[in-house]
Each structure stands twice: as C-alpha cells, then as structure tokens.
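Participant: Below you'll find work_26.cif; it's mmCIF, C-alpha atoms.
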data_query
loop_
_atom_site.group_PDB
_atom_site.id
_atom_site.type_symbol
_atom_site.label_atom_id
_atom_site.label_comp_id
_atom_site.auth_asym_id
_atom_site.auth_seq_id
_atom_site.Cartn_x
_atom_site.Cartn_y
_atom_site.Cartn_z
ATOM 1 C CA MET A 21 60.021 54.811 22.630
ATOM 2 C CA LYS A 22 56.500 55.472 21.431
ATOM 3 C CA ARG A 23 57.514 54.530 17.951
ATOM 4 C CA PHE A 24 59.035 51.263 19.200
ATOM 5 C CA ILE A 25 55.901 50.267 21.165
ATOM 6 C CA SER A 26 53.701 51.159 18.183
ATOM 7 C CA THR A 27 55.849 49.033 15.862
ATOM 8 C CA ILE A 28 55.742 46.048 18.254
ATOM 9 C CA LEU A 29 51.951 46.319 18.572
ATOM 10 C CA LEU A 30 51.589 46.538 14.798
ATOM 11 C CA LEU A 31 53.771 43.419 14.365
ATOM 12 C CA LEU A 32 51.764 41.494 16.982
ATOM 13 C CA ILE A 33 48.446 42.374 15.334
ATOM 14 C CA THR A 34 49.617 41.411 11.833
ATOM 15 C CA SER A 35 51.277 38.210 13.072
ATOM 16 C CA ALA A 36 48.036 37.256 14.801
ATOM 17 C CA ALA A 37 46.223 37.713 11.498
ATOM 18 C CA VAL A 38 48.806 35.578 9.688
ATOM 19 C CA PHE A 39 48.492 32.673 12.133
ATOM 20 C CA ALA A 40 44.714 32.879 12.594
ATOM 21 C CA GLN A 41 42.721 29.843 11.534
ATOM 22 C CA TYR A 42 40.183 30.288 8.799
ATOM 23 C CA ASP A 43 36.814 28.800 9.785
ATOM 24 C CA GLU A 44 34.419 27.861 6.982
ATOM 25 C CA GLY A 45 31.492 27.625 9.355
ATOM 26 C CA ASP A 46 29.699 24.552 10.630
ATOM 27 C CA VAL A 47 29.978 21.505 8.414
ATOM 28 C CA TYR A 48 27.019 19.141 8.395
ATOM 29 C CA GLU A 49 27.220 15.725 6.890
ATOM 30 C CA ASP A 50 23.962 14.985 5.108
ATOM 31 C CA ASP A 51 23.763 11.213 5.290
ATOM 32 C CA TYR A 52 19.949 11.122 5.320
ATOM 33 C CA VAL A 53 18.519 8.728 2.739
ATOM 34 C CA TYR A 54 15.036 9.616 1.503
ATOM 35 C CA GLU A 55 12.600 6.713 1.551
ATOM 36 C CA GLN A 56 9.220 6.856 -0.141
ATOM 37 C CA ASN A 57 7.595 5.171 2.864
ATOM 38 C CA GLY A 58 8.550 5.085 6.505
ATOM 39 C CA ALA A 59 7.120 3.996 9.832
ATOM 40 C CA GLY A 60 3.843 5.816 10.454
ATOM 41 C CA ASP A 61 3.161 6.665 6.806
ATOM 42 C CA GLN A 62 -0.350 5.785 5.666
ATOM 43 C CA PHE A 63 -2.325 5.433 2.479
ATOM 44 C CA ILE A 64 -5.902 5.062 1.307
ATOM 45 C CA LYS A 65 -6.499 2.989 -1.810
ATOM 46 C CA ILE A 66 -9.411 2.727 -4.189
ATOM 47 C CA ASN A 67 -9.541 -0.038 -6.799
ATOM 48 C CA LEU A 68 -11.874 -0.951 -9.630
ATOM 49 C CA ASN A 69 -11.882 -4.670 -10.464
ATOM 50 C CA VAL A 70 -12.954 -7.024 -13.197
ATOM 51 C CA GLN A 71 -13.875 -10.191 -11.285
ATOM 52 C CA ILE A 72 -13.704 -13.591 -12.995
ATOM 53 C CA PRO A 73 -15.311 -16.642 -11.300
ATOM 54 C CA LEU A 74 -12.998 -19.646 -11.683
ATOM 55 C CA ASN A 75 -14.910 -22.738 -10.565
ATOM 56 C CA PHE A 76 -18.599 -22.148 -11.240
ATOM 57 C CA ASN A 77 -18.813 -24.293 -14.423
ATOM 58 C CA GLY A 78 -20.083 -21.421 -16.544
ATOM 59 C CA GLN A 79 -22.982 -20.709 -14.147
ATOM 60 C CA LEU A 80 -21.546 -17.311 -13.179
ATOM 61 C CA HIS A 81 -20.311 -14.644 -15.606
ATOM 62 C CA THR A 82 -17.536 -12.090 -15.238
ATOM 63 C CA GLY A 83 -18.506 -9.246 -12.929
ATOM 64 C CA GLY A 84 -17.025 -6.254 -11.238
ATOM 65 C CA ALA A 85 -15.976 -4.936 -7.855
ATOM 66 C CA ILE A 86 -14.871 -1.802 -6.066
ATOM 67 C CA GLU A 87 -12.479 -1.759 -3.106
ATOM 68 C CA LEU A 88 -11.656 0.855 -0.521
ATOM 69 C CA GLY A 89 -8.714 0.243 1.810
ATOM 70 C CA TYR A 90 -6.532 1.851 4.469
ATOM 71 C CA TYR A 91 -2.988 0.766 5.431
ATOM 72 C CA ARG A 92 -0.350 2.098 7.842
ATOM 73 C CA PHE A 93 3.365 1.332 7.506
ATOM 74 C CA LEU A 94 5.212 -0.271 10.423
ATOM 75 C CA ASN A 95 8.531 0.298 8.631
ATOM 76 C CA SER A 96 9.538 1.159 5.066
ATOM 77 C CA TRP A 97 8.315 -2.141 3.577
ATOM 78 C CA LEU A 98 5.617 -3.591 5.888
ATOM 79 C CA ALA A 99 2.118 -2.230 6.491
ATOM 80 C CA VAL A 100 -1.071 -3.413 8.192
ATOM 81 C CA GLY A 101 -4.620 -2.364 7.482
ATOM 82 C CA GLY A 102 -7.955 -3.366 6.089
ATOM 83 C CA GLU A 103 -10.331 -2.995 3.183
ATOM 84 C CA LEU A 104 -13.974 -3.091 2.206
ATOM 85 C CA ASN A 105 -15.045 -4.778 -1.000
ATOM 86 C CA ALA A 106 -18.327 -4.797 -2.904
ATOM 87 C CA SER A 107 -18.570 -7.174 -5.869
ATOM 88 C CA TYR A 108 -21.157 -8.659 -8.161
ATOM 89 C CA ASN A 109 -21.429 -11.379 -10.792
ATOM 90 C CA VAL A 110 -24.462 -12.280 -12.921
ATOM 91 C CA SER A 111 -25.550 -15.901 -13.329
ATOM 92 C CA ILE A 112 -26.793 -17.518 -16.547
ATOM 93 C CA GLY A 113 -30.368 -17.007 -15.265
ATOM 94 C CA ASN A 114 -29.692 -13.242 -14.892
ATOM 95 C CA LYS A 115 -29.617 -13.492 -11.113
ATOM 96 C CA VAL A 116 -27.039 -11.329 -9.356
ATOM 97 C CA PHE A 117 -24.505 -12.800 -6.931
ATOM 98 C CA VAL A 118 -23.345 -10.080 -4.493
ATOM 99 C CA MET A 119 -20.456 -10.266 -2.008
ATOM 100 C CA LEU A 120 -19.600 -7.656 0.624
ATOM 101 C CA PRO A 121 -16.414 -8.763 2.432
ATOM 102 C CA ILE A 122 -14.564 -6.840 5.149
ATOM 103 C CA LEU A 123 -10.888 -7.833 5.275
ATOM 104 C CA GLY A 124 -7.896 -7.168 7.470
ATOM 105 C CA GLY A 125 -4.361 -7.979 6.542
ATOM 106 C CA VAL A 126 -0.752 -7.239 5.949
ATOM 107 C CA MET A 127 1.132 -5.761 2.998
ATOM 108 C CA PHE A 128 4.775 -6.355 2.066
ATOM 109 C CA GLN A 129 6.042 -3.759 -0.428
ATOM 110 C CA PRO A 130 9.485 -3.799 -2.036
ATOM 111 C CA THR A 131 10.327 -0.667 -4.040
ATOM 112 C CA TYR A 132 12.634 0.248 -6.877
ATOM 113 C CA ASP A 133 13.083 3.941 -7.633
ATOM 114 C CA LYS A 134 9.500 5.241 -8.107
ATOM 115 C CA PHE A 135 8.007 1.782 -8.607
ATOM 116 C CA GLU A 136 6.290 -0.021 -5.728
ATOM 117 C CA PHE A 137 5.354 -3.715 -5.755
ATOM 118 C CA PRO A 138 2.731 -4.368 -3.040
ATOM 119 C CA ILE A 139 1.927 -7.943 -2.003
ATOM 120 C CA PHE A 140 -1.171 -8.306 0.197
ATOM 121 C CA ALA A 141 -2.447 -11.202 2.328
ATOM 122 C CA ASN A 142 -5.916 -10.613 3.801
ATOM 123 C CA ILE A 143 -8.491 -12.569 5.753
ATOM 124 C CA GLY A 144 -11.966 -11.553 6.787
ATOM 125 C CA MET A 145 -15.650 -12.227 6.618
ATOM 126 C CA GLY A 146 -18.378 -11.230 4.278
ATOM 127 C CA TYR A 147 -22.026 -11.203 3.404
ATOM 128 C CA GLU A 148 -23.213 -13.036 0.273
ATOM 129 C CA THR A 149 -26.561 -13.174 -1.443
ATOM 130 C CA TRP A 150 -27.686 -15.088 -4.531
ATOM 131 C CA GLN A 151 -31.136 -16.289 -5.636
ATOM 132 C CA ASN A 152 -32.737 -14.978 -2.425
ATOM 133 C CA ILE A 153 -30.319 -17.013 -0.291
ATOM 134 C CA ASP A 154 -28.269 -15.006 2.201
ATOM 135 C CA TYR A 155 -25.057 -16.360 3.669
ATOM 136 C CA PHE A 156 -23.381 -14.616 6.603
ATOM 137 C CA PRO A 157 -20.694 -14.760 7.808
ATOM 138 C CA SER A 158 -18.663 -16.251 5.029
ATOM 139 C CA LEU A 159 -14.940 -16.697 5.438
ATOM 140 C CA VAL A 160 -12.847 -14.814 2.844
ATOM 141 C CA PHE A 161 -9.145 -15.233 2.007
ATOM 142 C CA LYS A 162 -7.481 -12.884 -0.456
ATOM 143 C CA LEU A 163 -3.973 -12.737 -1.946
ATOM 144 C CA SER A 164 -2.950 -9.847 -4.135
ATOM 145 C CA GLY A 165 0.124 -8.601 -5.952
ATOM 146 C CA GLY A 166 0.695 -5.581 -8.119
ATOM 147 C CA ALA A 167 2.883 -2.811 -9.448
ATOM 148 C CA TYR A 168 2.383 0.903 -8.774
ATOM 149 C CA TYR A 169 4.131 4.016 -9.998
ATOM 150 C CA ARG A 170 4.650 6.760 -7.402
ATOM 151 C CA LEU A 171 3.717 9.901 -9.299
ATOM 152 C CA ASN A 172 4.649 12.203 -6.410
ATOM 153 C CA GLU A 173 4.692 12.189 -2.605
ATOM 154 C CA ILE A 174 0.925 11.892 -2.266
ATOM 155 C CA CYS A 175 -0.341 9.671 -5.060
ATOM 156 C CA SER A 176 0.472 6.472 -6.911
ATOM 157 C CA PHE A 177 -1.316 4.549 -9.657
ATOM 158 C CA GLY A 178 -1.047 0.943 -10.689
ATOM 159 C CA LEU A 179 -2.368 -2.505 -11.484
ATOM 160 C CA ASN A 180 -3.117 -5.511 -9.257
ATOM 161 C CA MET A 181 -4.081 -9.123 -9.666
ATOM 162 C CA ASP A 182 -6.142 -10.638 -6.833
ATOM 163 C CA TYR A 183 -7.093 -14.191 -5.951
ATOM 164 C CA MET A 184 -10.015 -14.618 -3.554
ATOM 165 C CA LEU A 185 -11.180 -17.852 -1.917
ATOM 166 C CA VAL A 186 -14.682 -17.855 -0.389
ATOM 167 C CA PRO A 187 -15.586 -21.166 1.283
ATOM 168 C CA GLN A 188 -19.165 -21.873 2.358
ATOM 169 C CA PHE A 189 -20.028 -24.459 4.981
ATOM 170 C CA PHE A 190 -23.529 -25.898 5.504
ATOM 171 C CA GLU A 191 -25.061 -28.398 7.919
ATOM 172 C CA ASP A 192 -25.349 -30.807 5.019
ATOM 173 C CA SER A 193 -21.639 -31.139 4.140
ATOM 174 C CA SER A 194 -22.490 -32.256 0.586
ATOM 175 C CA GLN A 195 -23.520 -28.623 -0.100
ATOM 176 C CA ASN A 196 -20.181 -27.156 1.059
ATOM 177 C CA PHE A 197 -18.501 -25.132 -1.678
ATOM 178 C CA ALA A 198 -15.402 -22.974 -2.078
ATOM 179 C CA GLY A 199 -15.743 -20.171 -4.602
ATOM 180 C CA ASN A 200 -12.568 -19.063 -6.380
ATOM 181 C CA PHE A 201 -12.321 -15.636 -7.990
ATOM 182 C CA LEU A 202 -9.577 -13.916 -9.967
ATOM 183 C CA SER A 203 -9.619 -10.128 -10.287
ATOM 184 C CA PHE A 204 -7.712 -7.687 -12.434
ATOM 185 C CA THR A 205 -7.552 -4.282 -10.824
ATOM 186 C CA ILE A 206 -6.707 -0.710 -11.664
ATOM 187 C CA GLY A 207 -6.043 1.367 -8.577
ATOM 188 C CA ALA A 208 -5.046 4.684 -7.095
ATOM 189 C CA ARG A 209 -3.514 5.370 -3.701
ATOM 190 C CA TYR A 210 -3.421 8.576 -1.663
ATOM 191 C CA HIS A 211 -0.358 8.682 0.628
ATOM 192 C CA PHE A 212 -0.178 10.809 3.760
#
Can you present the structure in this file as structure tokens?

Facilitator:
Amino acid sequence: MKRFISTILLLLITSAAVFAQYDEGDVYEDDYVYEQNGAGDQFIKINLNVQIPLNFNGQLHTGGAIELGYYRFLNSWLAVGGELNASYNVSIGNKVFVMLPILGGVMFQPTYDKFEFPIFANIGMGYETWQNIDYFPSLVFKLSGGAYYRLNEICSFGLNMDYMLVPQFFEDSSQNFAGNFLSFTIGARYHF
C-alpha cells in the first residue's frame, strides 16, 4: 500500500509539472517616443549678429549685435520667453548708433531628426542713442527664423536670419521714421 501511495504522489507531482504554465516574467510595452523638447523644457541662447541697416540711404554702415535669450517650452513645438539685445552701427560721420531692446515673444519650432527650425516673433521696447540724441522707449518688432543642429541633449548650434523694425514717433510727424534692420546670426543654445 505504501508503494501504491508513493507512486500516486509521484505521478501527481510530475503531472503538475507537465501542465504548469511557463511564465516569462512581466512584459512591458515600451511605447514611449523620445522627443527632443517637451513641456517645461527650457533653453538659454546666445547669438552674435552682423546687423545690416536697410533704409538709411547709406548713412549707416553694417554693425554688430549680441543677444541673450531665455525660452520655456509649453509643448514640444511652442515656447515663450524673452531676450536682451545690444547692437551698434557706425554712421558715415563716425558716430555710433546704439540700440538696447528688451523683447518678449513666442517661438514655434518644428524639428526633423536632430535638426530644429525655430521661428520667433518678438515685440518689445528699447533705448536708442545717436549723435547725442536719446530716444526711449522705442517700439521694436522682430521676426526671426533659423536652423539649428542638436549636438546632444544640452546644446545646439545654428544660424538665424532676423528682421527688426524700429519705428520712432515724434511730436513733429514729419520726423517720424521706421528703421529696418536685417541680421545674420550665429548662435548657441544651452538646453535644460
């Protein structure tokens, strides 16, 4: 009888092993898509510009500018922020025209692989001085478009082209003037 019970128990144990389900462990579906930018991502940009006056009838020569900006993404393609700009141009009488605008705006940025194509629209005010005449506040509009290469998660480098409109309004409306400037920019951005 002992042998019979032992044989039955042995058959039950081996049959349980035969019909047991093999479990490979937990299976996770990885459907996460990595995006270079997401809501809450930020960047600081620094640009060096060559600034060309467009409508000064040869009275103002090509100058330069430096920009420092900060933007925060609302989603993967839209960001808001602002920038500081300091620019100069020299006149034919060797007098220096200086502009110091502070701008706020929005950036739309489509991407393709590691390439980013930022398009900026900014508005702000600035301080201008030329031939001992100070003008504050001046209204400043700026449109910009460019192409950047994302080197890694934290930095990108690229080129921009900017158009800036700076209207001036005086009590004597015959002196009103709208300065137009075109800039070619090389820039770097630190992403965090």

Participant: Under the PyMOL selection byres ((chain A and resi 88) around 6), which residues of this model are included? Write them out as a list in words.

Facilitator: Lys65, Ile66, Glu87, Gly89, Glu103 and Leu104 of chain A

Participant: Of the residues A:Arg23, A:Gly102, A:His211, A:Asn114, which is the one nearest to Glu173 (chain A), using only C-alpha atoms?

Facilitator: A:His211

Participant: Select, counting only C-alpha atoms, all protein, DNA and RNA residues no farther than 12 Å from (-29.0, -11.3, -11.1) in file coordinates, and express the selection as a tab-separated table (two decimals) with C-alpha atoms, in the frame of the given file.

Facilitator:
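Output (out-v5.tsv):
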chain	number	residue	atom	x	y	z
A	79	GLN	CA	-22.98	-20.71	-14.15
A	80	LEU	CA	-21.55	-17.31	-13.18
A	81	HIS	CA	-20.31	-14.64	-15.61
A	83	GLY	CA	-18.51	-9.25	-12.93
A	108	TYR	CA	-21.16	-8.66	-8.16
A	109	ASN	CA	-21.43	-11.38	-10.79
A	110	VAL	CA	-24.46	-12.28	-12.92
A	111	SER	CA	-25.55	-15.90	-13.33
A	112	ILE	CA	-26.79	-17.52	-16.55
A	113	GLY	CA	-30.37	-17.01	-15.26
A	114	ASN	CA	-29.69	-13.24	-14.89
A	115	LYS	CA	-29.62	-13.49	-11.11
A	116	VAL	CA	-27.04	-11.33	-9.36
A	117	PHE	CA	-24.50	-12.80	-6.93
A	118	VAL	CA	-23.34	-10.08	-4.49
A	149	THR	CA	-26.56	-13.17	-1.44
A	150	TRP	CA	-27.69	-15.09	-4.53
A	151	GLN	CA	-31.14	-16.29	-5.64
A	152	ASN	CA	-32.74	-14.98	-2.42

Participant: Do you know which residues the PyMOL selection byres ((chain A and resi 140) around 12) returns on this file, as a PDB file with C-alpha atoms, keeping the file's coordinate frame?

Facilitator:
ATOM      1  CA  GLY A  89      -8.714   0.243   1.810  1.00  0.00           C
ATOM      2  CA  TYR A  91      -2.988   0.766   5.431  1.00  0.00           C
ATOM      3  CA  TRP A  97       8.315  -2.141   3.577  1.00  0.00           C
ATOM      4  CA  LEU A  98       5.617  -3.591   5.888  1.00  0.00           C
ATOM      5  CA  ALA A  99       2.118  -2.230   6.491  1.00  0.00           C
ATOM      6  CA  VAL A 100      -1.071  -3.413   8.192  1.00  0.00           C
ATOM      7  CA  GLY A 101      -4.620  -2.364   7.482  1.00  0.00           C
ATOM      8  CA  GLY A 102      -7.955  -3.366   6.089  1.00  0.00           C
ATOM      9  CA  GLU A 103     -10.331  -2.995   3.183  1.00  0.00           C
ATOM     10  CA  LEU A 123     -10.888  -7.833   5.275  1.00  0.00           C
ATOM     11  CA  GLY A 124      -7.896  -7.168   7.470  1.00  0.00           C
ATOM     12  CA  GLY A 125      -4.361  -7.979   6.542  1.00  0.00           C
ATOM     13  CA  VAL A 126      -0.752  -7.239   5.949  1.00  0.00           C
ATOM     14  CA  MET A 127       1.132  -5.761   2.998  1.00  0.00           C
ATOM     15  CA  PHE A 128       4.775  -6.355   2.066  1.00  0.00           C
ATOM     16  CA  GLN A 129       6.042  -3.759  -0.428  1.00  0.00           C
ATOM     17  CA  PRO A 130       9.485  -3.799  -2.036  1.00  0.00           C
ATOM     18  CA  PHE A 137       5.354  -3.715  -5.755  1.00  0.00           C
ATOM     19  CA  PRO A 138       2.731  -4.368  -3.040  1.00  0.00           C
ATOM     20  CA  ILE A 139       1.927  -7.943  -2.003  1.00  0.00           C
ATOM     21  CA  ALA A 141      -2.447 -11.202   2.328  1.00  0.00           C
ATOM     22  CA  ASN A 142      -5.916 -10.613   3.801  1.00  0.00           C
ATOM     23  CA  ILE A 143      -8.491 -12.569   5.753  1.00  0.00           C
ATOM     24  CA  PHE A 161      -9.145 -15.233   2.007  1.00  0.00           C
ATOM     25  CA  LYS A 162      -7.481 -12.884  -0.456  1.00  0.00           C
ATOM     26  CA  LEU A 163      -3.973 -12.737  -1.946  1.00  0.00           C
ATOM     27  CA  SER A 164      -2.950  -9.847  -4.135  1.00  0.00           C
ATOM     28  CA  GLY A 165       0.124  -8.601  -5.952  1.00  0.00           C
ATOM     29  CA  GLY A 166       0.695  -5.581  -8.119  1.00  0.00           C
ATOM     30  CA  ALA A 167       2.883  -2.811  -9.448  1.00  0.00           C
ATOM     31  CA  ASN A 180      -3.117  -5.511  -9.257  1.00  0.00           C
ATOM     32  CA  MET A 181      -4.081  -9.123  -9.666  1.00  0.00           C
ATOM     33  CA  ASP A 182      -6.142 -10.638  -6.833  1.00  0.00           C
ATOM     34  CA  TYR A 183      -7.093 -14.191  -5.951  1.00  0.00           C
ATOM     35  CA  MET A 184     -10.015 -14.618  -3.554  1.00  0.00           C
TER      36      MET A 184
END

Participant: Counting all atoms listed in the file, which residue out of A:Tyr132, A:Phe212, A:Tyr168, A:Phe76 sits closest to Phe197 (chain A)?

Facilitator: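 Among A:Tyr132, A:Phe212, A:Tyr168, A:Phe76, it is A:Phe76 that comes nearest to Phe197 (chain A).
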
Participant: I would like the residues chosen by the PyMOL selection byres ((chain A and resi 69) around 7) on the shown file; could you give them as a ChimeraX atom specification?

Facilitator: /A:67-68,70-71,84-86,203-206

Participant: Give me, please, the distance in Å between CA of Pro157 (chain A) and CA of Pro73 (chain A), quoted to one decimal.

Facilitator: 19.9 Å

Participant: Would you compute the distance between CA of Ala106 (chain A) and CA of Tyr210 (chain A)? Give it in Å to one decimal.

Facilitator: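 Computing it gives 20.1 Å between the two atoms.
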
Participant: Go ahead and compute the interatomic distance for CA of Val186 (chain A) and CA of Tyr147 (chain A), in Å to one decimal.

Facilitator: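 Calculated distance between CA of Val186 (chain A) and CA of Tyr147 (chain A) is 10.6 Å.
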
Participant: With distances taken over only C-alpha atoms, which of A:Phe177, A:Phe156, A:Phe24, A:Tyr169 is nearest to Arg209 (chain A)?

Facilitator: A:Phe177
